[in-house]
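Participant: My structure is below; once you've seen it, I'll send some questions.
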Amino acid sequence: MLYTLAGGGTLCGVAALVLLIVSTATDFWMQYRYSGSSANQGLWRFCINHKCHAHTITVAFWDATRAFMLLAVLSCFAGVVLGLSAFTNGTKNRRVRTGGIALVLSGFLALLALAIYTGVTVTFFGKRFVDWRFSWSYIIGWVAIILAFAAAAQQYKCQYKCP
(Lines give C-alpha, C1' and ligand atoms only; values in the text may rest on other atoms or scores of the structure.)
Protein backbone atom coordinates (compact mmCIF):
# COMPACT_ATOMS: atom_id res chain seq x y z
CA MET A 1 0.00 0.00 0.00
CA LEU A 2 2.85 2.38 0.85
CA TYR A 3 4.54 2.04 -2.51
CA THR A 4 1.29 2.34 -4.45
CA LEU A 5 0.18 5.58 -2.80
CA ALA A 6 3.62 7.21 -2.63
CA GLY A 7 4.52 6.05 -6.14
CA GLY A 8 1.18 7.17 -7.60
CA GLY A 9 1.49 10.63 -6.07
CA THR A 10 5.06 10.96 -7.25
CA LEU A 11 4.22 9.75 -10.76
CA CYS A 12 1.34 12.25 -11.05
CA GLY A 13 3.60 14.98 -9.68
CA VAL A 14 6.37 14.24 -12.21
CA ALA A 15 3.83 14.22 -15.05
CA ALA A 16 2.39 17.55 -13.84
CA LEU A 17 5.89 19.02 -13.62
CA VAL A 18 6.78 17.97 -17.17
CA LEU A 19 3.49 19.31 -18.55
CA LEU A 20 3.85 22.61 -16.67
CA ILE A 21 7.35 23.08 -18.09
CA VAL A 22 6.22 22.26 -21.64
CA SER A 23 3.17 24.50 -21.34
CA THR A 24 5.19 27.44 -20.02
CA ALA A 25 8.03 27.15 -22.53
CA THR A 26 6.17 26.64 -25.81
CA ASP A 27 4.65 29.26 -28.11
CA PHE A 28 1.27 27.71 -28.80
CA TRP A 29 -1.14 29.12 -26.23
CA MET A 30 -3.34 30.76 -28.84
CA GLN A 31 -3.66 30.62 -32.63
CA TYR A 32 -5.27 33.30 -34.77
CA ARG A 33 -5.19 34.96 -38.18
CA TYR A 34 -3.27 38.23 -38.50
CA SER A 35 -3.35 40.10 -41.83
CA GLY A 36 -4.35 36.90 -43.63
CA SER A 37 -1.46 34.89 -42.16
CA SER A 38 -1.58 32.27 -39.45
CA ALA A 39 -0.12 33.39 -36.15
CA ASN A 40 0.34 31.94 -32.70
CA GLN A 41 1.47 33.29 -29.38
CA GLY A 42 2.89 31.98 -26.18
CA LEU A 43 3.92 33.57 -22.93
CA TRP A 44 7.35 34.65 -24.14
CA ARG A 45 6.96 35.39 -27.87
CA PHE A 46 4.57 35.40 -30.82
CA CYS A 47 5.03 33.89 -34.28
CA ILE A 48 3.64 35.10 -37.62
CA ASN A 49 4.36 33.05 -40.76
CA HIS A 50 6.79 30.83 -38.80
CA LYS A 51 8.93 33.86 -37.81
CA CYS A 52 8.99 34.34 -34.06
CA HIS A 53 9.47 37.61 -32.20
CA ALA A 54 9.79 38.33 -28.49
CA HIS A 55 6.98 40.26 -26.83
CA THR A 56 8.35 43.80 -26.78
CA ILE A 57 5.56 45.46 -24.86
CA THR A 58 4.93 44.75 -21.22
CA VAL A 59 1.34 43.79 -20.65
CA ALA A 60 0.27 43.06 -17.09
CA PHE A 61 -1.67 39.88 -17.88
CA TRP A 62 1.33 38.33 -19.68
CA ASP A 63 3.61 39.24 -16.78
CA ALA A 64 1.15 37.85 -14.23
CA THR A 65 0.59 34.66 -16.22
CA ARG A 66 4.34 34.14 -16.66
CA ALA A 67 5.04 34.74 -12.96
CA PHE A 68 2.30 32.42 -11.75
CA MET A 69 3.30 29.67 -14.20
CA LEU A 70 6.96 29.88 -13.15
CA LEU A 71 5.96 29.76 -9.48
CA ALA A 72 3.73 26.76 -10.26
CA VAL A 73 6.68 24.96 -11.88
CA LEU A 74 8.92 25.66 -8.87
CA SER A 75 6.25 24.59 -6.39
CA CYS A 76 5.55 21.40 -8.34
CA PHE A 77 9.28 20.64 -8.43
CA ALA A 78 9.46 21.06 -4.64
CA GLY A 79 6.45 18.76 -4.19
CA VAL A 80 8.01 16.09 -6.41
CA VAL A 81 11.38 16.29 -4.62
CA LEU A 82 9.70 16.04 -1.21
CA GLY A 83 7.59 13.13 -2.45
CA LEU A 84 10.62 11.32 -3.80
CA SER A 85 12.62 11.89 -0.62
CA ALA A 86 9.75 10.61 1.52
CA PHE A 87 9.33 7.63 -0.79
CA THR A 88 13.02 6.67 -0.63
CA ASN A 89 13.35 7.29 3.12
CA GLY A 90 10.28 5.33 4.18
CA THR A 91 7.59 8.01 4.14
CA LYS A 92 8.02 10.71 6.72
CA ASN A 93 4.63 12.30 7.49
CA ARG A 94 6.02 15.84 7.57
CA ARG A 95 7.69 15.48 4.15
CA VAL A 96 4.61 13.89 2.63
CA ARG A 97 2.39 16.64 4.04
CA THR A 98 4.73 19.41 2.87
CA GLY A 99 5.04 17.81 -0.58
CA GLY A 100 1.26 17.61 -0.82
CA ILE A 101 0.92 21.27 0.17
CA ALA A 102 3.50 22.24 -2.46
CA LEU A 103 1.57 20.31 -5.12
CA VAL A 104 -1.74 21.91 -4.13
CA LEU A 105 -0.05 25.32 -4.24
CA SER A 106 1.31 24.48 -7.68
CA GLY A 107 -2.16 23.58 -8.91
CA PHE A 108 -3.66 26.80 -7.54
CA LEU A 109 -0.90 28.98 -9.01
CA ALA A 110 -1.29 27.40 -12.45
CA LEU A 111 -5.08 27.69 -12.14
CA LEU A 112 -4.74 31.38 -11.34
CA ALA A 113 -2.37 31.89 -14.29
CA LEU A 114 -4.69 30.17 -16.74
CA ALA A 115 -7.74 31.98 -15.35
CA ILE A 116 -6.05 35.35 -15.91
CA TYR A 117 -4.96 34.37 -19.41
CA THR A 118 -8.39 33.00 -20.29
CA GLY A 119 -10.27 36.04 -19.05
CA VAL A 120 -8.11 38.57 -20.86
CA THR A 121 -7.85 36.51 -24.04
CA VAL A 122 -11.59 35.94 -24.35
CA THR A 123 -12.35 39.57 -23.55
CA PHE A 124 -9.67 41.13 -25.78
CA PHE A 125 -9.00 38.73 -28.64
CA GLY A 126 -12.60 37.58 -28.83
CA LYS A 127 -13.54 41.10 -29.90
CA ARG A 128 -10.46 41.85 -32.01
CA PHE A 129 -10.04 38.66 -34.05
CA VAL A 130 -12.80 36.55 -35.54
CA ASP A 131 -10.79 33.40 -36.21
CA TRP A 132 -8.91 32.52 -33.00
CA ARG A 133 -8.66 29.53 -30.67
CA PHE A 134 -6.72 28.25 -27.71
CA SER A 135 -3.95 25.89 -28.72
CA TRP A 136 -2.29 22.77 -27.35
CA SER A 137 0.12 24.41 -24.87
CA TYR A 138 -2.82 26.06 -23.15
CA ILE A 139 -4.71 22.75 -22.96
CA ILE A 140 -1.62 20.99 -21.58
CA GLY A 141 -1.61 23.60 -18.79
CA TRP A 142 -5.11 22.54 -17.74
CA VAL A 143 -4.11 18.86 -17.78
CA ALA A 144 -1.10 19.72 -15.58
CA ILE A 145 -3.42 21.37 -13.06
CA ILE A 146 -5.53 18.22 -12.81
CA LEU A 147 -2.41 16.07 -12.37
CA ALA A 148 -0.99 18.39 -9.68
CA PHE A 149 -4.21 18.14 -7.67
CA ALA A 150 -4.30 14.35 -8.19
CA ALA A 151 -0.70 14.07 -6.96
CA ALA A 152 -1.54 16.15 -3.89
CA ALA A 153 -4.56 13.93 -3.17
CA GLN A 154 -2.39 10.81 -3.43
CA GLN A 155 0.16 12.26 -1.02
CA TYR A 156 -2.64 13.27 1.34
CA LYS A 157 -3.94 9.68 1.33
CA CYS A 158 -0.45 8.34 1.90
CA GLN A 159 0.02 10.61 4.88
CA TYR A 160 -2.85 8.92 6.73
CA LYS A 161 -2.79 5.40 5.31
CA CYS A 162 0.92 4.68 4.99
CA PRO A 163 2.73 3.33 8.09
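Residue numbering restarts at 1 in every chain; chains get A, B, ... in the order shown in the C-alpha coordinates, and ligands count up from 1 in that same order.
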Can you list, as a PyMOL selection string, every protein, DNA or RNA residue that comes within 9 Å of range 56-67 of chain A when you count only C-alpha atoms, leaving out same-chain residues fewer than 3 positions away?

Facilitator: chain A and resi 24+43-45+53+70-72+110+112-117+120

Participant: Please determine, counting only C-alpha atoms, which residue among A:Val130, A:Ala54, A:Val81, A:Ile140 has the shortest atom-to-atom distance to Ser35 in chain A.

Facilitator: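 Comparing A:Val130, A:Ala54, A:Val81, A:Ile140 against Ser35 in chain A, the winner is A:Val130.
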
Participant: How many Å lie between CA of Ala25 in chain A and CA of Ser106 in chain A, rounded to one decimal?

Facilitator: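 A separation of 16.5 Å between them.
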
Participant: Using backbone DSSP assignments, extract all strand (DSSP E or B) residues from range 23-151 of chain A; output them as a list in words.

Facilitator: Met30, Gln31, Tyr32, Arg33, Tyr34, Ser37, Ser38, Ala39, Asn40, Gln41, Arg45, Phe46, Cys47, Ile48, Lys51, Cys52, His53, Ala54, Trp132, Arg133 and Phe134 of chain A

Participant: Which residue gives the smallest distance to Arg94 in chain A among A:Leu20, A:Phe149, A:Ala15, A:Gln155, with only C-alpha atoms counted?

Facilitator: A:Gln155
